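Trainee: File data-v4.tsv below, TSV, C-alpha atoms and all ligand atoms:
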```tsv
chain	number	residue	atom	x	y	z
A	1	MET	CA	0.95	7.30	0.94
A	2	PRO	CA	-2.09	9.49	0.16
A	3	ASP	CA	-0.31	10.39	-3.08
A	4	SER	CA	0.97	6.88	-3.91
A	5	LEU	CA	0.37	5.95	-7.51
A	6	LEU	CA	-2.12	3.26	-8.41
A	7	VAL	CA	-1.44	0.74	-11.16
A	8	ASP	CA	-4.20	-1.40	-12.58
A	9	ALA	CA	-2.98	-4.54	-14.32
A	10	HIS	CA	-6.06	-5.34	-16.36
A	11	GLN	CA	-8.55	-3.26	-18.34
A	12	ASP	CA	-10.16	-4.25	-21.64
A	13	LEU	CA	-10.17	-0.70	-22.99
A	14	ALA	CA	-9.83	-1.52	-26.70
A	15	TRP	CA	-12.64	-4.07	-26.58
A	16	ASN	CA	-14.96	-1.40	-25.17
A	17	ILE	CA	-13.74	1.28	-27.57
A	18	LEU	CA	-14.45	-0.96	-30.56
A	19	THR	CA	-17.61	-2.65	-29.27
A	20	PHE	CA	-19.43	0.27	-27.65
A	21	ASN	CA	-17.47	3.24	-28.99
A	22	ARG	CA	-16.67	4.13	-25.39
A	23	ASP	CA	-14.63	7.30	-24.99
A	24	TYR	CA	-12.18	6.89	-22.14
A	25	THR	CA	-10.99	10.49	-22.35
A	26	ILE	CA	-14.17	11.60	-20.53
A	27	ALA	CA	-15.44	10.85	-17.02
A	28	ALA	CA	-17.26	7.63	-16.22
A	29	ALA	CA	-20.25	9.73	-15.09
A	30	GLU	CA	-20.39	11.44	-18.49
A	31	THR	CA	-20.20	8.12	-20.36
A	32	ARG	CA	-23.05	6.80	-18.21
A	33	ARG	CA	-25.15	9.83	-19.13
A	34	ARG	CA	-24.41	9.41	-22.82
A	35	GLU	CA	-25.12	5.67	-22.75
A	36	GLN	CA	-28.53	5.99	-21.08
A	37	GLY	CA	-31.04	4.07	-23.15
A	38	THR	CA	-28.36	2.33	-25.23
A	39	LEU	CA	-27.39	-1.32	-25.16
A	40	ALA	CA	-23.89	-0.77	-23.73
A	41	PRO	CA	-24.86	-0.70	-20.03
A	42	GLN	CA	-27.22	-3.63	-20.57
A	43	HIS	CA	-24.42	-5.73	-22.03
A	44	ASN	CA	-21.46	-4.53	-20.00
A	45	GLY	CA	-22.87	-2.61	-17.02
A	46	ASP	CA	-22.29	1.08	-16.32
A	47	THR	CA	-18.69	2.05	-17.00
A	48	LEU	CA	-16.25	2.42	-14.11
A	49	LEU	CA	-13.51	4.11	-16.12
A	50	GLY	CA	-12.58	7.47	-17.59
A	51	TRP	CA	-9.58	9.76	-17.69
A	52	PRO	CA	-10.81	12.23	-15.04
A	53	ASP	CA	-11.42	9.23	-12.76
A	54	TYR	CA	-7.89	7.95	-13.42
A	55	GLN	CA	-6.68	11.39	-12.32
A	56	ARG	CA	-8.69	11.38	-9.09
A	57	GLY	CA	-7.53	7.85	-8.35
A	58	ARG	CA	-3.92	8.64	-9.27
A	59	VAL	CA	-4.01	5.73	-11.71
A	60	ALA	CA	-0.70	6.28	-13.48
A	61	VAL	CA	-0.38	3.02	-15.40
A	62	VAL	CA	-2.90	0.57	-16.84
A	63	PHE	CA	-2.18	-2.78	-18.46
A	64	SER	CA	-4.56	-2.38	-21.38
A	65	THR	CA	-5.59	-5.57	-23.07
A	66	LEU	CA	-6.12	-6.97	-26.50
A	67	TYR	CA	-9.09	-9.23	-25.86
A	68	VAL	CA	-11.28	-11.12	-28.28
A	69	ALA	CA	-13.17	-14.36	-27.68
A	70	PRO	CA	-13.54	-17.56	-29.67
A	71	ALA	CA	-16.86	-17.84	-31.53
A	72	ARG	CA	-18.16	-20.50	-29.11
A	73	HIS	CA	-18.15	-17.80	-26.42
A	74	SER	CA	-19.73	-15.01	-28.47
A	75	LEU	CA	-21.94	-12.90	-26.20
A	76	GLY	CA	-24.76	-12.36	-28.69
A	77	GLU	CA	-25.58	-10.78	-32.01
A	78	TRP	CA	-24.26	-7.41	-30.86
A	79	ASP	CA	-20.83	-8.89	-30.13
A	80	MET	CA	-18.67	-8.50	-33.23
A	81	GLN	CA	-15.33	-9.30	-31.63
A	82	PHE	CA	-15.09	-13.04	-31.86
A	83	TYR	CA	-13.12	-15.34	-34.11
A	84	SER	CA	-13.41	-18.77	-35.67
A	85	THR	CA	-9.90	-19.01	-37.09
A	86	SER	CA	-6.50	-17.71	-36.06
A	87	GLU	CA	-6.60	-15.56	-39.21
A	88	GLU	CA	-9.75	-13.84	-37.89
A	89	ALA	CA	-8.23	-13.59	-34.43
A	90	HIS	CA	-5.16	-11.93	-35.90
A	91	SER	CA	-7.29	-9.28	-37.65
A	92	LEU	CA	-9.35	-8.53	-34.54
A	93	TYR	CA	-6.34	-8.29	-32.23
A	94	SER	CA	-4.71	-6.01	-34.82
A	95	LEU	CA	-7.68	-3.64	-34.76
A	96	GLN	CA	-7.35	-3.39	-30.99
A	97	VAL	CA	-3.63	-2.56	-31.16
A	98	ASP	CA	-4.52	0.11	-33.71
A	99	ALA	CA	-7.16	1.48	-31.30
A	100	TYR	CA	-4.48	2.03	-28.64
A	101	HIS	CA	-2.12	3.70	-31.08
A	102	ARG	CA	-4.96	5.97	-32.17
A	103	LEU	CA	-5.85	6.79	-28.57
A	104	VAL	CA	-2.30	7.87	-27.68
A	105	ASP	CA	-1.78	9.70	-30.99
A	106	GLU	CA	-5.01	11.68	-30.68
A	107	HIS	CA	-4.78	12.34	-26.93
A	108	PRO	CA	-1.08	12.53	-26.04
A	109	ALA	CA	-1.71	14.62	-22.94
A	110	GLN	CA	-4.07	11.96	-21.58
A	111	PHE	CA	-2.67	8.59	-22.66
A	112	ARG	CA	0.83	7.37	-23.55
A	113	LEU	CA	2.08	4.02	-24.67
A	114	ILE	CA	4.74	2.41	-22.49
A	115	GLU	CA	7.04	0.24	-24.60
A	116	LYS	CA	10.41	0.74	-22.92
A	117	ARG	CA	11.79	1.76	-19.56
A	118	ALA	CA	12.25	5.41	-20.54
A	119	ASP	CA	8.53	5.64	-21.44
A	120	LEU	CA	7.65	4.46	-17.95
A	121	GLN	CA	10.11	6.90	-16.35
A	122	SER	CA	8.66	9.81	-18.29
A	123	VAL	CA	5.07	8.98	-17.29
A	124	LEU	CA	6.08	8.58	-13.64
A	125	ALA	CA	8.11	11.81	-13.71
A	126	HIS	CA	5.03	13.64	-14.98
A	127	TRP	CA	2.99	12.36	-12.04
A	128	GLN	CA	5.60	13.88	-9.69
A	129	ARG	CA	5.21	17.33	-11.23
A	130	ALA	CA	3.69	19.89	-8.87
A	131	ASP	CA	2.95	22.49	-11.54
A	132	THR	CA	0.02	20.58	-13.02
A	133	ALA	CA	-2.76	18.32	-11.77
A	134	GLU	CA	-3.23	16.64	-15.15
A	135	HIS	CA	-1.05	13.66	-15.91
A	136	PRO	CA	-0.84	11.13	-18.73
A	137	VAL	CA	-1.95	7.56	-18.05
A	138	GLY	CA	0.62	5.05	-19.29
A	139	LEU	CA	-0.69	2.04	-21.20
A	140	VAL	CA	1.17	-1.28	-21.31
A	141	ILE	CA	-0.32	-3.58	-23.92
A	142	LEU	CA	-1.30	-7.04	-22.69
A	143	MET	CA	-2.51	-9.69	-25.14
A	144	GLU	CA	-5.13	-11.83	-23.41
A	145	GLY	CA	-5.60	-15.22	-25.07
A	146	ALA	CA	-2.88	-15.48	-27.67
A	147	GLU	CA	-4.87	-16.80	-30.61
A	148	GLY	CA	-4.00	-13.66	-32.56
A	149	VAL	CA	-0.48	-15.04	-32.86
A	150	ARG	CA	-0.84	-17.20	-35.98
A	151	GLU	CA	2.58	-18.75	-35.49
A	152	PRO	CA	5.18	-18.14	-32.78
A	153	ALA	CA	7.64	-16.48	-35.21
A	154	GLU	CA	5.07	-13.70	-35.63
A	155	LEU	CA	5.72	-12.54	-32.05
A	156	GLU	CA	8.29	-10.09	-33.34
A	157	GLU	CA	5.51	-8.21	-35.16
A	158	TRP	CA	3.42	-7.97	-31.98
A	159	TYR	CA	6.44	-6.92	-29.96
A	160	GLN	CA	7.17	-4.14	-32.43
A	161	ARG	CA	3.59	-2.96	-32.19
A	162	GLY	CA	3.95	-2.63	-28.43
A	163	VAL	CA	2.79	-5.90	-26.84
A	164	ARG	CA	4.78	-6.52	-23.66
A	165	ILE	CA	2.68	-9.09	-21.77
A	166	ILE	CA	0.98	-12.22	-23.11
A	167	GLY	CA	-1.57	-14.52	-21.49
A	168	PRO	CA	-1.73	-17.68	-23.60
A	169	ALA	CA	-5.23	-18.59	-22.40
A	170	TRP	CA	-8.69	-17.13	-21.91
A	171	ALA	CA	-10.87	-20.11	-22.55
A	172	GLY	CA	-8.75	-22.99	-23.74
A	173	THR	CA	-6.59	-22.06	-26.73
A	174	ARG	CA	-4.43	-24.07	-29.06
A	175	PHE	CA	-1.59	-23.22	-26.67
A	176	CYS	CA	-3.04	-24.55	-23.42
A	177	GLY	CA	-6.04	-25.31	-21.23
A	178	GLY	CA	-7.96	-22.29	-19.96
A	179	THR	CA	-10.97	-21.17	-17.96
A	180	HIS	CA	-13.57	-23.98	-17.73
A	181	GLU	CA	-11.56	-25.86	-20.38
A	182	PRO	CA	-8.81	-27.66	-18.49
A	183	GLY	CA	-5.73	-29.05	-20.15
A	184	PRO	CA	-1.94	-28.90	-20.29
A	185	LEU	CA	0.45	-26.79	-22.35
A	186	THR	CA	0.43	-28.10	-25.92
A	187	PRO	CA	3.53	-28.39	-28.13
A	188	GLU	CA	2.42	-25.10	-29.72
A	189	GLY	CA	2.17	-23.62	-26.23
A	190	TYR	CA	5.75	-24.59	-25.47
A	191	ALA	CA	6.84	-23.10	-28.81
A	192	LEU	CA	5.02	-19.86	-27.98
A	193	LEU	CA	6.81	-19.63	-24.63
A	194	GLU	CA	10.18	-20.26	-26.28
A	195	HIS	CA	9.63	-17.34	-28.63
A	196	MET	CA	8.23	-15.13	-25.87
A	197	ALA	CA	11.48	-15.65	-23.96
A	198	GLU	CA	13.49	-14.23	-26.88
A	199	PHE	CA	11.78	-10.88	-26.31
A	200	ASN	CA	11.65	-11.21	-22.52
A	201	LEU	CA	7.88	-10.83	-22.77
A	202	THR	CA	6.02	-11.14	-19.48
A	203	LEU	CA	3.91	-14.28	-19.16
A	204	ASP	CA	0.45	-13.74	-17.66
A	205	ILE	CA	-0.85	-17.02	-16.21
A	206	SER	CA	-4.37	-15.64	-15.54
A	207	HIS	CA	-6.99	-17.91	-17.17
A	208	MET	CA	-4.48	-20.74	-17.65
A	209	ASP	CA	-5.60	-24.07	-16.28
A	210	GLU	CA	-3.55	-25.07	-13.23
A	211	LYS	CA	-1.84	-27.89	-15.06
A	212	ALA	CA	-0.72	-25.64	-17.92
A	213	ALA	CA	0.26	-22.83	-15.56
A	214	LEU	CA	2.45	-25.14	-13.45
A	215	GLN	CA	4.14	-26.43	-16.61
A	216	ALA	CA	4.68	-22.85	-17.76
A	217	LEU	CA	6.13	-21.83	-14.38
A	218	ASP	CA	8.63	-24.68	-14.72
A	219	PHE	CA	9.47	-24.02	-18.34
A	220	TYR	CA	9.35	-20.27	-18.91
A	221	PRO	CA	12.60	-18.45	-18.08
A	222	GLY	CA	11.16	-14.91	-18.43
A	223	PRO	CA	9.04	-12.83	-16.05
A	224	VAL	CA	5.74	-14.27	-14.80
A	225	ILE	CA	2.65	-12.52	-13.38
A	226	ALA	CA	-1.07	-13.11	-12.88
A	227	SER	CA	-2.55	-9.82	-14.08
A	228	HIS	CA	-6.07	-10.48	-12.80
A	229	ALA	CA	-6.81	-13.48	-10.61
A	230	ASN	CA	-7.92	-14.20	-7.05
A	231	ALA	CA	-6.94	-16.82	-4.52
A	232	LEU	CA	-9.23	-19.84	-4.87
A	233	SER	CA	-9.06	-20.62	-1.14
A	234	MET	CA	-10.68	-17.25	-0.38
A	235	VAL	CA	-13.46	-17.55	-2.96
A	236	LYS	CA	-15.80	-19.52	-0.74
A	237	GLY	CA	-17.90	-22.09	-2.53
A	238	SER	CA	-16.01	-21.94	-5.84
A	239	ASP	CA	-13.98	-24.68	-7.43
A	240	SER	CA	-13.45	-22.76	-10.67
A	241	ASN	CA	-10.09	-23.11	-12.39
A	242	ARG	CA	-10.31	-19.35	-13.07
A	243	HIS	CA	-8.94	-18.74	-9.59
A	244	LEU	CA	-5.43	-19.44	-8.35
A	245	THR	CA	-4.65	-22.49	-6.27
A	246	ASP	CA	-2.16	-22.09	-3.44
A	247	ARG	CA	0.42	-23.92	-5.55
A	248	LEU	CA	0.07	-21.32	-8.29
A	249	ILE	CA	0.24	-18.40	-5.88
A	250	GLN	CA	3.40	-19.90	-4.42
A	251	GLY	CA	4.77	-20.41	-7.92
A	252	VAL	CA	4.23	-16.79	-8.96
A	253	VAL	CA	5.73	-15.57	-5.67
A	254	GLU	CA	8.80	-17.79	-6.09
A	255	ARG	CA	9.33	-16.35	-9.55
A	256	GLY	CA	9.17	-12.80	-8.17
A	257	GLY	CA	5.88	-12.05	-9.88
A	258	THR	CA	2.85	-10.09	-8.78
A	259	ILE	CA	-0.81	-11.11	-8.62
A	260	GLY	CA	-3.55	-8.60	-9.46
A	261	VAL	CA	-6.59	-9.05	-7.21
A	262	VAL	CA	-9.91	-8.64	-9.06
A	263	PRO	CA	-12.50	-6.47	-7.26
A	264	SER	CA	-15.45	-8.08	-9.03
A	265	ASN	CA	-18.23	-9.45	-6.84
A	266	GLY	CA	-18.48	-12.79	-8.62
A	267	PHE	CA	-14.78	-13.34	-7.91
A	268	LEU	CA	-15.09	-12.28	-4.28
A	269	ARG	CA	-18.34	-13.78	-3.07
A	270	PRO	CA	-20.04	-16.22	-5.49
A	271	GLY	CA	-23.82	-16.15	-5.07
A	272	TRP	CA	-23.80	-12.48	-4.03
A	273	LYS	CA	-26.71	-11.59	-6.32
A	274	GLU	CA	-29.10	-14.05	-4.69
A	275	THR	CA	-27.92	-13.54	-1.12
A	276	GLY	CA	-27.70	-9.92	-0.10
A	277	GLY	CA	-26.97	-8.29	-3.44
A	278	ARG	CA	-24.39	-5.63	-4.04
A	279	ALA	CA	-24.63	-4.27	-0.49
A	280	SER	CA	-23.29	-7.59	0.81
A	281	VAL	CA	-19.92	-7.28	-0.95
A	282	THR	CA	-17.52	-4.76	0.52
A	283	LEU	CA	-13.89	-3.86	-0.12
A	284	ASP	CA	-13.06	-5.99	2.93
A	285	TYR	CA	-13.28	-8.97	0.55
A	286	VAL	CA	-10.65	-7.37	-1.70
A	287	VAL	CA	-8.38	-6.68	1.25
A	288	ALA	CA	-8.88	-10.25	2.53
A	289	GLN	CA	-7.71	-11.55	-0.87
A	290	MET	CA	-4.66	-9.31	-0.72
A	291	ASP	CA	-3.89	-10.30	2.86
A	292	TYR	CA	-4.11	-14.00	1.99
A	293	ILE	CA	-1.51	-13.61	-0.76
A	294	CYS	CA	0.74	-11.48	1.47
A	295	GLN	CA	0.54	-14.05	4.29
A	296	MET	CA	1.55	-16.78	1.87
A	297	ALA	CA	4.43	-14.71	0.47
A	298	GLY	CA	5.54	-13.52	3.89
A	299	ASN	CA	5.59	-9.93	2.65
A	300	ALA	CA	3.57	-7.37	0.67
A	301	LEU	CA	5.71	-7.51	-2.47
A	302	HIS	CA	3.67	-9.82	-4.68
A	303	VAL	CA	0.15	-8.44	-4.80
A	304	GLY	CA	-1.53	-5.58	-6.58
A	305	LEU	CA	-4.75	-4.72	-8.38
A	306	GLY	CA	-6.02	-6.18	-11.66
A	307	SER	CA	-9.50	-4.70	-11.74
A	308	ASP	CA	-10.79	-6.01	-15.07
A	309	PHE	CA	-13.26	-3.09	-14.81
A	310	ASP	CA	-15.55	-2.86	-17.86
A	311	GLY	CA	-14.43	-6.40	-18.71
A	312	GLY	CA	-17.89	-7.92	-18.94
A	313	PHE	CA	-19.22	-6.14	-15.87
A	314	GLY	CA	-19.63	-2.61	-14.55
A	315	LEU	CA	-20.86	-0.58	-11.61
A	316	GLN	CA	-23.63	-3.07	-10.83
A	317	SER	CA	-21.15	-5.87	-10.03
A	318	VAL	CA	-18.43	-4.29	-7.92
A	319	PRO	CA	-18.14	-3.80	-4.14
A	320	ILE	CA	-20.59	-1.33	-2.69
A	321	GLU	CA	-18.00	1.39	-1.91
A	322	ILE	CA	-16.95	1.68	-5.56
A	323	ASP	CA	-18.46	4.18	-7.96
A	324	THR	CA	-15.45	4.48	-10.29
A	325	ILE	CA	-11.87	3.27	-10.47
A	326	ALA	CA	-10.88	6.22	-8.25
A	327	ASP	CA	-12.59	4.52	-5.31
A	328	LEU	CA	-10.09	1.68	-5.32
A	329	ARG	CA	-8.03	4.00	-3.13
A	330	LYS	CA	-10.51	3.22	-0.36
A	331	ILE	CA	-8.51	0.05	0.29
A	332	ILE	CA	-5.74	2.25	1.79
A	333	PRO	CA	-7.31	2.72	5.25
A	334	LEU	CA	-8.55	-0.88	5.25
A	335	LEU	CA	-5.01	-2.18	4.68
A	336	ALA	CA	-3.70	0.19	7.36
A	337	GLN	CA	-6.26	-1.20	9.84
A	338	LYS	CA	-4.88	-4.67	9.14
A	339	GLY	CA	-1.42	-3.49	10.12
A	340	TYR	CA	0.10	-2.84	6.72
A	341	THR	CA	2.75	-0.11	6.76
A	342	GLU	CA	2.81	2.89	4.43
A	343	ALA	CA	5.52	1.21	2.37
A	344	ASP	CA	3.46	-2.01	2.14
A	345	ILE	CA	0.41	-0.09	1.00
A	346	ALA	CA	2.32	1.89	-1.61
A	347	ALA	CA	3.70	-1.41	-2.94
A	348	ILE	CA	0.25	-3.00	-3.12
A	349	LEU	CA	-1.39	0.04	-4.70
A	350	GLY	CA	1.08	0.23	-7.56
A	351	GLY	CA	4.69	-0.21	-6.48
A	352	ASN	CA	4.84	-3.94	-7.10
A	353	TRP	CA	3.60	-3.58	-10.67
A	354	LEU	CA	6.03	-0.73	-11.26
A	355	THR	CA	8.88	-2.96	-10.08
A	356	CYS	CA	7.76	-5.66	-12.53
A	357	LEU	CA	7.79	-3.11	-15.35
A	358	GLN	CA	11.10	-1.54	-14.34
A	359	ASN	CA	12.75	-4.95	-14.18
A	360	ASN	CA	11.34	-6.30	-17.40
A	361	LEU	CA	10.66	-3.59	-19.94
A	362	PRO	CA	13.38	-3.27	-22.56
A	363	GLU	CA	15.98	-0.55	-22.16
A	364	VAL	CA	15.88	0.18	-25.87
A	365	LEU	CA	13.54	-1.04	-28.60
B	401	ZN	ZN	-9.71	-12.03	-18.28
```
How would this structure read if it were set down as structure tokens?
Mentor:
Amino acid sequence: MPDSLLVDAHQDLAWNILTFNRDYTIAAAETRRREQGTLAPQHNGDTLLGWPDYQRGRVAVVFSTLYVAPARHSLGEWDMQFYSTSEEAHSLYSLQVDAYHRLVDEHPAQFRLIEKRADLQSVLAHWQRADTAEHPVGLVILMEGAEGVREPAELEEWYQRGVRIIGPAWAGTRFCGGTHEPGPLTPEGYALLEHMAEFNLTLDISHMDEKAALQALDFYPGPVIASHANALSMVKGSDSNRHLTDRLIQGVVERGGTIGVVPSNGFLRPGWKETGGRASVTLDYVVAQMDYICQMAGNALHVGLGSDFDGGFGLQSVPIEIDTIADLRKIIPLLAQKGYTEADIAAILGGNWLTCLQNNLPEVL
């Protein structure tokens, strides 16, 4: 268990690479030094990510996102990655795919793209090697908010460029209701799901409004996950549709999916800034989220991590025990104290996501 691999199901790496020129081949501490006095930490907090930190944390696989926002949610003049039309969205999402291809081409010892089962096997085999302490981090491309898909038939292009997981919503999209913008699946949303099924793409219901997500759970025949979402019942004082209702948790569990718990203070303890600050949010909140989902499932096979680190927040907004992604391993003793077995903990840390990938990645391209 001390050497169990960690899988993180949500990181907006390309957005940071293109917005702040962040270099994820170096340590988070080094990026923080370089960014002192720049706008990056002001806008996105101090980074929590970097390749040496992935090594220390034994983070073998990351679901790396394509993320751009609609213009109505632009973060300010510095934010260049927003769109007004699906044409613009398509261009921006394309630049982010290119950024991942560049990253793996230029740094093959550090990052590798996972497009098929053999890619996953080769990354995992490397992490088992005893003759080296340096292992490649596998990236699975996740498209968050599908507005870059101009029409469903275009999915083949995205699939060929490596996209394996799609979340139709962020805010509301033309496909369905989303965060703070409730609504059902639209006819275009149903068409998107039909085409996704042809490629056995994984559906990510994170950010989907409950109504749309329930419709999708009924309709979509392919694999379903929630890459980064917490249980609403455990986010005291929140009624946000960004979190998962019990019905949705049950739905994902019934479909054999996994839910990635988000260790971000605002998603764990709303109001934390005003009442106690960072010191008041501990990893116990993360473990409580995980335990809630496990209790509902009746086992530890449907929960994992979806950190969303560097996704609009950084060091300043995560539980007090965390300095970088490597510190997520500190949940291991906390889960053990709650009675979770070594096998349970290995599953939660990364095993459940690996099962999702093994079951659903294509055998051949
Ligand atoms: Zn998100």
Trainee: If you measure from CA of Ala216 (chain A) to CA of Thr202 (chain A), what distance in Å do you get, rounded to one decimal?
Mentor: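 Spanning CA of Ala216 (chain A) to CA of Thr202 (chain A) is a straight-line distance of 11.9 Å.
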Trainee: How many Å separate CA of Ala171 (chain A) from CA of Ser280 (chain A)?
Mentor: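 CA of Ser280 (chain A) lies 29.3 Å from CA of Ala171 (chain A).
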Trainee: Kindly work out which residues sit at most 12 Å from ligand ZN 401 (chain B), using only C-alpha atoms and all ligand atoms, and give the list as number ranges by chain.
Mentor: A: 9-12, 15, 63-69, 142-145, 166-171, 178-179, 204-208, 226-230, 242-243, 260-262, 264, 267, 306-313
Trainee: Emit as lines of an AutoDock Vina configuration file the padded axis-aligned box for all listed atoms of region 149-161 of chain A, 8 Å per side, with centre and edge lengths in Å to one decimal.
Mentor:
```
center_x = 3.7
center_y = -10.9
center_z = -33.0
size_x = 25.1
size_y = 31.8
size_z = 22.0
```
Trainee: Between CA of Leu193 (chain A) and CA of Cys176 (chain A), what is the distance in Å, rounded to a tenth?
Mentor: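 Computed distance, CA of Leu193 (chain A) to CA of Cys176 (chain A), equals 11.1 Å.
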Trainee: For the contact check between region 87-172 of chain A and region 73-81 of chain A, emit one row per residue of region 87-172 of chain A within 12 Å, containing the shortest atom pair and the distance in Å rounded to one decimal, counting only C-alpha atoms, chain then rising number order, as a tab-separated table.
Mentor:
```
residue	atom	partner	partner_atom	distance
A:Glu88	CA	A:Gln81	CA	9.5
A:Ala89	CA	A:Gln81	CA	8.8
A:His90	CA	A:Gln81	CA	11.3
A:Ser91	CA	A:Gln81	CA	10.0
A:Leu92	CA	A:Gln81	CA	6.7
A:Tyr93	CA	A:Gln81	CA	9.1
A:Ser94	CA	A:Gln81	CA	11.6
A:Leu95	CA	A:Gln81	CA	10.0
A:Gln96	CA	A:Gln81	CA	10.0
A:Trp170	CA	A:His73	CA	10.5
A:Ala171	CA	A:His73	CA	8.6
A:Gly172	CA	A:His73	CA	11.1
```
Trainee: Taking all atoms listed in the file into account, which of A:Ile325, A:Ala153, A:Val163, A:Leu5 comes nearest Lys116 (chain A)?
Mentor: A:Val163
Trainee: Let me make sure I understand: among A:Glu198, A:Leu185, A:Ser238, A:Ile114, which one has the smallest atom-to-atom distance to Ala213 (chain A) if we use only C-alpha atoms?
Mentor: A:Leu185
Trainee: Please provide the set of residues having any atom within 8 Å of region 335-348 of chain A, restricted to all atoms listed in the file, with same-chain residues fewer than 2 positions apart removed, written as a list in words.
Mentor: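 Near neighbours after the sequence-gap exclusion: Met1, Ser4, Leu5, Val287, Ala300, Leu301, His302, Val303, Gly304, Leu305, Ile331, Ile332, Pro333, Gly350, Gly351 and Asn352 of chain A.
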